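Chemist: Below is a structure I'd like to ask you about.
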Amino acid sequence: AIMVTDTGGLGDKSFNDGTWAGIKRAADELGIKAKVIQSYEQADYISNLSKAAEEIQKEPDGGIVYAVGFMMTDALFQVAQQFPDVYFAGIDIAPPTDAVPPNVITFLFKEQESAFLVGYIAAATTRVGKVGFIGGIPIPPVERFRYGFETGVKVYNDLHGTNVTILKGYANSFSDPKKGKDLALAQFAGGVDIIFHASGAVGNGVIEAAKEKMVSLVGSEDLSKILEYAFDKGGFFAMGVDVDQDYMAPGVVLASAMKGVDTASYMGVMWAYNGEWVPGVHVLGLAENGVRISPMKYTKGLVSNRTLAELEYLVTMIKKGTLVIPDTEEALKSFRTPKIEFPF
Amino acid sequence: MRVLEAIFLIFINPLFYKITLTAATPLIFASLGGVYSEITGVVNIALEGIMLIGAFTSVVFTWLTGNVWIGVLMAIISGVALAWLHAWGSIKWAGDQVVLGTALILIAQGVTGFLMEPIFGKPGQTDFVGKVEEIKIPGVSEIPFVGKVIGEISPFVYMAFAAVIFSWWLIYKTKLGLRMRSVGENPEAADTLGVNVYGIRYFGVLMSGVWAGLAGAYLSIGEVGHFRELMTGGRGFIALAAMILGKYNPVGAMLASLLFGASSAFANQMQSSSLIHVSATVKPLFDMIPFILTIIVVAGFVGKSRPPKADGIPYEKGA
Amino acid sequence: MNKKVLAILVPVISVLIALAISTIVILLIGKSPIEAYSALIRGSFGSKQAIADTVIKTTPLILTGLAVGFGFRAGVFNIGAEGQMVMGALFAATFASNFGSLPPLLAIPFTILIAMVVGAGYAAIAGYLKAKTGAHEVVTTIMLNWIATYFASYMVTGPLAVGSGTPKSPEISDSAQLPVLMKVGAIEMSAGIIIAIIAAIFMYILLNKSVTGYEIKAVGFNPYAAEYGGISVSKNVILAMAISGALAGLAGATELMGVHHRFLGELSGGKGFDGISIALIGQNNPIGIIFAAFLIGALRTGSNEMQFIGVPKHMVMIIQGIVIFLVAADRIVRTIMIRKRVEK
Amino acid sequence: MYAVEMVNIVKRFPGVLANDHVTLKVKKGEIHAIVGENGAGKSTLMNQLYGLYHPDEGEIFIDGKKVDIKNPRDAIKVGIGMVHQHFMLVDTLTVAENVVLGSEPLKGLNFDLNRARKEVKELSEKYGLIVDVDAKIEDIPVGMQQRVEIIKTLYRGANIIILDEPTAVLTPQEVEELFEIMRKLKDNGKTILFISHKLHEVMEISDRITVMRLGKVTGELETSKTNPKEIARYMVGREVVLRVSKEYHEPKEVVLEIENLVVKDNRGLVAVKDVSFNVRKGEIVGIAGVAGNGQTELVEAITGLRRIESGKIYFDGQDVTGNTPKQLRELGMAHIPEDRFKHGLIKEFEAFYNVILGQHYKSPFANGPFLNHDYIFKYSKEIMEEFDVRPRRIEHLGGNFSGGNQQKLVVGREIRTNPKFLVIAQPTRGLDVGAIEFIHKQILKMREMDVGILLISMELEEIFSLSDRILVMYEGEIMGEVKPDETTVEEVGLMMTGHRLEEARRG
Ligand SMILES: Nc1ncnc2c1ncn2[C@@H]1O[C@H](COP(=O)(O)OP(=O)(O)OP(=O)(O)O)[C@@H](O)[C@H]1O
Ligand SMILES: Nc1ncnc2c1ncn2[C@@H]1O[C@H](COP(=O)(O)OP(=O)(O)OP(=O)(O)O)[C@@H](O)[C@H]1O
Ligand SMILES: [Mg+2]
Ligand SMILES: [Mg+2]
């Protein structure tokens, strides 16, 4: 299995890293080789994918080439056509046309579903009725996170008669943590107390900003002191993205909206080698275990039991399809909270 | 009206001033670095690379030793090391200073990216390794408004302003400063008076390594406590612009950096203002404010900024 | 040794020294330098695909190199080729998606023209401000770069965005795409390289054979003498910036029309900055620039192949950095060469 | 006992033997002049004495002791100071700062600016070298800059002072002041090496003279026992006409008419105040005046390089007020500028590009948008031949010609445009006697051809020998108009210091 990264490269703690983890896990189990090629610039995608495919052709057992990241959409489909005997998989890639060649699978995620959950938690937990969202660059996956987050807040408002509002901002970058910190501080100054970020490494700064504010309030970095304070008086919080970022600032990162990229890439490799290949687009949501929210190892105590129970219920609704979280701007605009009666 | 109200609210919010200061701090350090190098006659486009190396090394050594100040010290040393390469290429070998600078940026980007895996075991970015804590000055933090601005703030911010004062003193009040200015303006004249042109130029460039290294350390362990590839995000180039805008003068460079910091803080707050209703995808456009403002300032108010006469020209004896 | 031989030998030896230095690093990470370097060469010249790739990478580098180099000849430091390239390509993409009804003979020149005019106009802002207010072009072009980047990012995530995947503009009409000279698998080498070479010839003629070139150079060397000689300084500063910007815009056009066929978020990918070192390595001479661009293009292409044997992409940035460093401080290499000869 | 002995000095540059076994002996306490053609090797010889170059062969003795001077620091140590032909001053620093640079007084960690200012003031008073210690170099006139250079050597305790062409840029008054200073220095026991192309100056100030030609010493003369003609012969190797004589030539119609012209200088102060005059075809109108009295601004206004505040300029009967340099050139105006480095030449351009500047866009130099290189090459060969530009290489870069040859290139270029009217500013500054003779002859030839000529010069001798009419400028105003054979140098001198003609006549 060979993975070709987008220009973000390994170390993004997001789809590149996640995909690689899943591929390695599968490769270890299968006893095959796994390689990674990092792209230097956009013009590399086609040639790197082609080279990877040629490499795979040389392997007696065949194999699979991974294209990671929505940036590689066009390149993946162009190259896949040229190598019908090689399996290709795309992560975060939506096919440009409906016809997907038989040698290609792509994985998309319902980011909005996990973001919905953190939005709901944010709305339930804020003490000031104002929460924040910080995106990197408004690309589709980031936007889906936002749609979900906004929906989560809206549903909470509608169910509980509150009026939690959202400040939104973008960093124009995925790699400038200082910018994330400044933007987060600006939102805190604007009156929010919880910020959800979907902004790659920029988010590290968002988390740092929340931590700095919180530690300053509490006067200590000690987890138990932070939790004690937060339980009594609230404070400043961040919410993580893609992977479980709760550990990055224990007690301060309230929850993370996770995306199971590794699950997807693991599946792809397994399918390619076990002959269970199912070509086409695979959209993974809560139901497919493609997205989820972090276990809130440190912060569970800050969220009321009632809210946790409501979340459970909402998750089942989403899994069953009775609650559909919008994944486009239009859908978000026309979204109306359905009638939800909690059984408790 | 809503917009005016939003702007008014931004300007009366102490955090706006605090973010201005922290956004300006790396630029102040880096543009000071530019000033030191360029007033002695060496164009230093490598600031971005020096900052990156500084950001990286400070994280590495903070992680290894657990002591952030050793991290800061190592950022300075590594900044000086990279600056030394620039000095060596451009002073000793009379190389083209702009090309050497771009080469060093590439080398810095390559080296920091390359070393992530061997040192931290994973590429891209490190975990949180520790941070220079904000300092709380008891008296100051109680003052209304001002306390909210500088009552609790990174010591780097104070260091940046101290560095400006120090540099102003060094450049305009000491014998060394006089010599620095003379070799950047007319190295031949200085040479005929027995001034060591090469030595002074080395000093200027190496000092730019000190300041830009500190700028980098501030970005990583001063602000966010970790390193991410390319995390300097072009600030080296903005610092270069601030240096020119500030007319190659430490105080001017500081003012230009503050202008830039204020306008980016302003852009951030505008994005975050609940009074301004624009669609989410339009918001990134607010980030243009600092750049447009800078163009207006340089075109409308600053006009010609004259570089030192010998800036960028290698000095060769007897030519 | 005569000057011309030296001019070629210095970069070659710089490459060799850079490779020698990186050999140590490659050995340290436990890889074989011989394998690594044969991969580097194989990757850049070893096959039709490799050659096509190298040419594709070289094309925009020639053009941004010419853009910056032309500026230097005219006494302006155009650090803004990046922004001009982005703006040129962005506007060309906006219009060229509607050129379906035009024949290629019209659509191609038209698209090129849009990119060049926009690039020229964007650069002329800096030229105008320099001429009229003395605003330093390094400051203004750096600022214009950021504005262009943010603007383009906004356009492809907002008004121009198509599809649910990559932030991208619609595809430009087939008739506006550059003809393909060579197709290897999915890799299409377009006629862009011919355009780049024509541009180099154009620049050579303009600078060395034309009245305009004479005036632009005179203003660059000595504006006082130029004015004394009846040459308008402000007109020529603006013109020089505009021509430089037109060349950068052309780089955007060839990337758009020959490689991506649509505007993508990272279309410029730092090539405007690469132009600075390429221009200076090529000593601001059109022929020199072609060779310098080729050198960097080949290094980049070859580097991807090196990743297959486990040498990370950063290694190539370091090699490139060292090569550029040594070419800039060419006396180091010359001194080494002279010492070698003396020893013999 | 000699203060300086340079014995058998040889210095080679790639392709040039700049000093060929030169021996120079300078007595203690004398003013010793060194003269010679442009490029004879005078500056090179002095640069070796000051440690800027190292001799290839030969020995140097100071006060009888053999020394090895490796760099200026060594020279300063043995008591040598040098004022270079092109000043070595840092424009952005003040006078005091420039003087003490390299040996700054300190107060604790700080540089002691006050002590520096005090010490400079003391030196300045002791030797009568008047300077403004706090002014920036870029703001003070050349004459003062030169005094700063001299103070610099004195501050370092120099006993032997080299002055390389100090008078080339000075006004006659300033030259007199300089000579006063030199005498004072001599009285204080200093030894002075003095380089100049102006033989009358050499005659006036020096005790002994060494003449150089083509890198060799051709003569060692006692000033009191020689005369300018003899020196010139040693210098050039032939007889030289030191003062060209001109025939009477009837002026024709007016070509340039200036009415009530007002022009401002770079600082926005009025530099030319309500000036009116005219120039006829076939006559030379000379403008005399101490530098800085508005001549530069006047010339720039006439040639379109500077904005006019009010007033009118008519050229050949046509109103050309506010015209661009290009328009004026097309109407037949040519201009030999005062500052050949700034305006006259593009150092980075080859000679063949320099000689077409101003006409480069016109046929036959250009064919439509393209340059006609064949013609340009041919044309530049002709000019270099006709005006004896050396070396005779059309691809030599402008900056690599010696000053004299640069001037010949400019003069050739402007004359060959066949102008109706020619503005000439400081045409012979820094040139040797041979070159001066040549250029003066060219100017008179233009007059014969009925070209109107406006000549601006600080050399009164030049003004007197060439002009048909002389206008004297003082503080932006014309003090009066005289004919050279109806006036005296004294009268013009009075007008140059602010006396109107009538007052000057009254005495
Ligand atoms: N840096 C140099 N490189 C090469 N050749 C030089 C250099 N300096 C001087 N020369 C050569 O040495 C010769 C003597 O030059 P020098 O400057 O000493 O003349 P000079 O007598 O001072 O002339 P002038 O009267 O114009 O000042 C020149 O003709 C020139 O060919
Ligand atoms: N960098 C250089 N390369 C080659 N030749 C040079 C260079 N610099 C000076 N020269 C030569 O040195 C000679 C003297 O140059 P220099 O500038 O001293 O002129 P000069 O005669 O002293 O000028 P001036 O008439 O103003 O005193 C010229 O013949 C010139 O060709
Ligand atoms: Mg000389
Ligand atoms: Mg000379």
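We name chains A, B, ... following the order of the structure tokens; residues begin at 1 in each chain, and ligands are numbered from 1 as shown.
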Near stretch 254-262 of chain A, within 7 Å and counting only C-alpha atoms, which residues show up once chain neighbours fewer than 6 positions away are dropped, as a VMD selection string?
Modeler: chain A and resid 15 18 to 19 21 to 22 111 114 to 115 118 237 to 246 290 to 294 296 299
Chemist: Kindly work out which residues sit at most 9 Å from ligand 4, using only C-alpha atoms and all ligand atoms, and give the list as an NGL selection string.
Modeler: :D and (38-44 or 85-86 or 164-165 or 402-404 or 430)
Chemist: Store the residues of this selection in a file with all heavy atoms, as a compact mmCIF listing (two decimals), in the first residue's frame.
Modeler:
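Below you can see part_7.txt, which holds the result:
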# COMPACT_ATOMS: atom_id res chain seq x y z
N ASN D 38 45.39 63.16 -16.68
CA ASN D 38 44.45 62.21 -16.12
C ASN D 38 44.98 60.80 -16.38
O ASN D 38 45.37 60.47 -17.48
CB ASN D 38 43.07 62.33 -16.80
CG ASN D 38 42.42 63.67 -16.51
OD1 ASN D 38 42.13 64.44 -17.42
ND2 ASN D 38 42.21 63.94 -15.24
N GLY D 39 44.99 60.01 -15.33
CA GLY D 39 45.44 58.63 -15.49
C GLY D 39 46.94 58.46 -15.44
O GLY D 39 47.45 57.37 -15.73
N ALA D 40 47.67 59.51 -15.05
CA ALA D 40 49.13 59.40 -15.02
C ALA D 40 49.60 58.53 -13.86
O ALA D 40 50.74 58.07 -13.85
CB ALA D 40 49.75 60.79 -14.92
N GLY D 41 48.76 58.33 -12.87
CA GLY D 41 49.15 57.47 -11.74
C GLY D 41 49.35 58.21 -10.44
O GLY D 41 49.92 57.67 -9.50
N LYS D 42 48.88 59.43 -10.36
CA LYS D 42 49.06 60.23 -9.15
C LYS D 42 48.27 59.66 -7.98
O LYS D 42 48.83 59.42 -6.91
CB LYS D 42 48.60 61.68 -9.42
CG LYS D 42 49.21 62.31 -10.65
CD LYS D 42 48.69 63.71 -10.89
CE LYS D 42 47.22 63.78 -11.26
NZ LYS D 42 46.85 63.26 -12.59
N SER D 43 47.01 59.43 -8.23
CA SER D 43 46.17 58.91 -7.14
C SER D 43 46.67 57.55 -6.70
O SER D 43 46.68 57.23 -5.51
CB SER D 43 44.72 58.81 -7.59
OG SER D 43 44.24 60.08 -7.94
N THR D 44 47.08 56.76 -7.67
CA THR D 44 47.57 55.42 -7.33
C THR D 44 48.78 55.52 -6.40
O THR D 44 48.88 54.79 -5.41
CB THR D 44 47.96 54.68 -8.62
OG1 THR D 44 46.84 54.70 -9.49
CG2 THR D 44 48.37 53.25 -8.33
N GLN D 85 40.36 62.23 -3.55
CA GLN D 85 39.80 62.95 -4.68
C GLN D 85 38.27 62.91 -4.61
O GLN D 85 37.60 63.91 -4.80
CB GLN D 85 40.29 62.24 -5.94
CG GLN D 85 40.04 62.99 -7.20
CD GLN D 85 40.79 62.33 -8.34
OE1 GLN D 85 41.65 61.47 -8.17
NE2 GLN D 85 40.47 62.76 -9.54
N HIS D 86 37.72 61.70 -4.36
CA HIS D 86 36.29 61.60 -4.10
C HIS D 86 36.18 61.50 -2.58
O HIS D 86 36.75 60.60 -1.99
CB HIS D 86 35.71 60.38 -4.78
CG HIS D 86 36.03 60.33 -6.24
ND1 HIS D 86 35.42 61.15 -7.16
CD2 HIS D 86 36.95 59.61 -6.94
CE1 HIS D 86 35.93 60.92 -8.36
NE2 HIS D 86 36.87 60.00 -8.25
N ASP D 164 44.35 65.14 -2.57
CA ASP D 164 44.27 64.69 -3.95
C ASP D 164 43.22 65.52 -4.69
O ASP D 164 42.03 65.40 -4.44
CB ASP D 164 43.89 63.20 -3.99
CG ASP D 164 44.05 62.61 -5.39
OD1 ASP D 164 44.29 63.39 -6.34
OD2 ASP D 164 43.94 61.37 -5.53
N GLU D 165 43.69 66.37 -5.57
CA GLU D 165 42.81 67.28 -6.33
C GLU D 165 41.79 68.00 -5.47
O GLU D 165 40.60 67.94 -5.71
CB GLU D 165 42.09 66.51 -7.45
CG GLU D 165 42.96 66.35 -8.67
CD GLU D 165 42.19 65.73 -9.84
OE1 GLU D 165 41.13 66.28 -10.18
OE2 GLU D 165 42.65 64.74 -10.39
N SER D 402 38.12 57.03 -17.45
CA SER D 402 38.57 58.02 -16.47
C SER D 402 37.71 59.27 -16.63
O SER D 402 37.03 59.46 -17.64
CB SER D 402 40.03 58.36 -16.72
OG SER D 402 40.12 59.18 -17.85
N GLY D 403 37.76 60.10 -15.61
CA GLY D 403 36.90 61.28 -15.59
C GLY D 403 37.03 62.12 -16.86
O GLY D 403 36.03 62.57 -17.42
N GLY D 404 38.21 62.33 -17.30
CA GLY D 404 38.44 63.16 -18.47
C GLY D 404 37.79 62.55 -19.70
O GLY D 404 37.17 63.24 -20.52
N GLY D 430 38.11 69.00 -13.04
CA GLY D 430 38.94 67.81 -12.80
C GLY D 430 39.74 67.34 -13.99
O GLY D 430 40.34 66.26 -13.94
Chemist: Using only C-alpha atoms, determine which residues of chain B fall within 6 Å of chain C; present them as a tab-separated table (two decimals) with N, CA, C and O atoms, in the first residue's frame.
Modeler:
chain	number	residue	atom	x	y	z
B	89	GLY	N	28.41	33.99	3.80
B	89	GLY	CA	28.18	34.02	2.35
B	89	GLY	C	28.21	35.44	1.80
B	89	GLY	O	28.77	35.68	0.73
B	93	TRP	N	32.25	36.06	1.24
B	93	TRP	CA	32.28	35.62	-0.15
B	93	TRP	C	31.56	36.56	-1.09
B	93	TRP	O	31.38	36.24	-2.26
B	95	GLY	N	28.60	37.21	-1.73
B	95	GLY	CA	27.52	36.62	-2.51
B	95	GLY	C	26.33	37.56	-2.62
B	95	GLY	O	26.25	38.56	-1.91
B	96	ASP	N	25.42	37.23	-3.52
B	96	ASP	CA	24.22	38.04	-3.67
B	96	ASP	C	23.34	37.84	-2.44
B	96	ASP	O	22.87	36.75	-2.15
B	99	VAL	N	19.70	36.36	-2.80
B	99	VAL	CA	19.64	34.93	-3.09
B	99	VAL	C	20.07	34.12	-1.87
B	99	VAL	O	19.45	33.11	-1.53
B	100	LEU	N	21.12	34.57	-1.20
B	100	LEU	CA	21.55	33.85	0.00
B	100	LEU	C	20.40	33.80	0.99
B	100	LEU	O	20.14	32.76	1.60
B	103	ALA	N	17.89	31.28	-0.06
B	103	ALA	CA	18.45	29.94	0.14
B	103	ALA	C	18.33	29.54	1.61
B	103	ALA	O	17.96	28.41	1.94
B	106	LEU	N	14.89	28.42	2.59
B	106	LEU	CA	14.67	27.03	2.17
B	106	LEU	C	15.37	26.06	3.10
B	106	LEU	O	14.80	25.04	3.51
B	107	ILE	N	16.62	26.37	3.43
B	107	ILE	CA	17.37	25.48	4.30
B	107	ILE	C	16.69	25.38	5.67
B	107	ILE	O	16.53	24.29	6.22
B	110	GLY	N	13.65	23.28	5.31
B	110	GLY	CA	14.03	21.89	5.12
B	110	GLY	C	14.54	21.27	6.41
B	110	GLY	O	14.10	20.18	6.81
B	113	GLY	N	11.81	20.80	9.11
B	113	GLY	CA	10.90	19.72	8.73
B	113	GLY	C	11.57	18.37	8.87
B	113	GLY	O	11.02	17.41	9.41
B	114	PHE	N	12.81	18.33	8.41
B	114	PHE	CA	13.55	17.08	8.39
B	114	PHE	C	13.80	16.55	9.80
B	114	PHE	O	13.71	15.35	10.06
B	241	ALA	N	8.99	44.35	5.66
B	241	ALA	CA	8.22	45.52	5.25
B	241	ALA	C	8.17	46.54	6.39
B	241	ALA	O	8.30	47.74	6.16
B	288	MET	N	-7.51	40.97	5.13
B	288	MET	CA	-6.79	41.86	4.21
B	288	MET	C	-6.52	43.22	4.84
B	288	MET	O	-5.67	43.96	4.36
B	291	PHE	N	-2.99	44.56	5.44
B	291	PHE	CA	-2.16	44.73	4.25
B	291	PHE	C	-2.59	45.96	3.47
B	291	PHE	O	-1.76	46.74	2.98
B	295	ILE	N	-0.39	49.48	2.83
B	295	ILE	CA	-0.16	50.13	1.53
B	295	ILE	C	-0.57	51.59	1.60
B	295	ILE	O	0.14	52.48	1.13
B	298	VAL	N	2.09	53.50	3.64
B	298	VAL	CA	3.38	53.70	2.98
B	298	VAL	C	3.23	54.65	1.80
B	298	VAL	O	4.09	55.48	1.52
B	299	ALA	N	2.08	54.57	1.11
B	299	ALA	CA	1.92	55.43	-0.05
B	299	ALA	C	1.50	56.83	0.36
B	299	ALA	O	1.94	57.81	-0.24
B	303	GLY	N	5.93	57.71	2.28
B	303	GLY	CA	6.67	58.10	1.10
B	303	GLY	C	7.99	57.37	1.03
B	303	GLY	O	8.10	56.21	1.41
B	304	LYS	N	8.99	58.08	0.57
B	304	LYS	CA	10.28	57.45	0.33
B	304	LYS	C	10.93	57.00	1.62
B	304	LYS	O	11.02	57.75	2.58
Chemist: Select, as a list in words, those residues of chain A with any atom no more than 6 Å from chain C (distances computed using only C-alpha atoms).
Modeler: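 The answer, sorted by residue number, is Ile37, Phe70, Met71, Gln78, Val79, Gln82, Ala94 and Ile139 of chain A.
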Chemist: Excluding stretch 226-235 of chain C and residues on its chain fewer than 5 positions from it, collect all residues at most 10 Å away from it, counting only C-alpha atoms, and give them as a PyMOL selection string.
Modeler: (chain C and resi 127-132+212+214-221+240) or (chain D and resi 300+303-305+324-330+334-337+342-346+354+356-361)
Chemist: Give me, as a ChimeraX atom specification, the residues of chain A touching chain B, with the criterion being at most 8 Å (counting only C-alpha atoms).
Modeler: /A:9-12,137-138,167-172,175-178,181-183,185-187,189-190,201,204-205,208-209,248
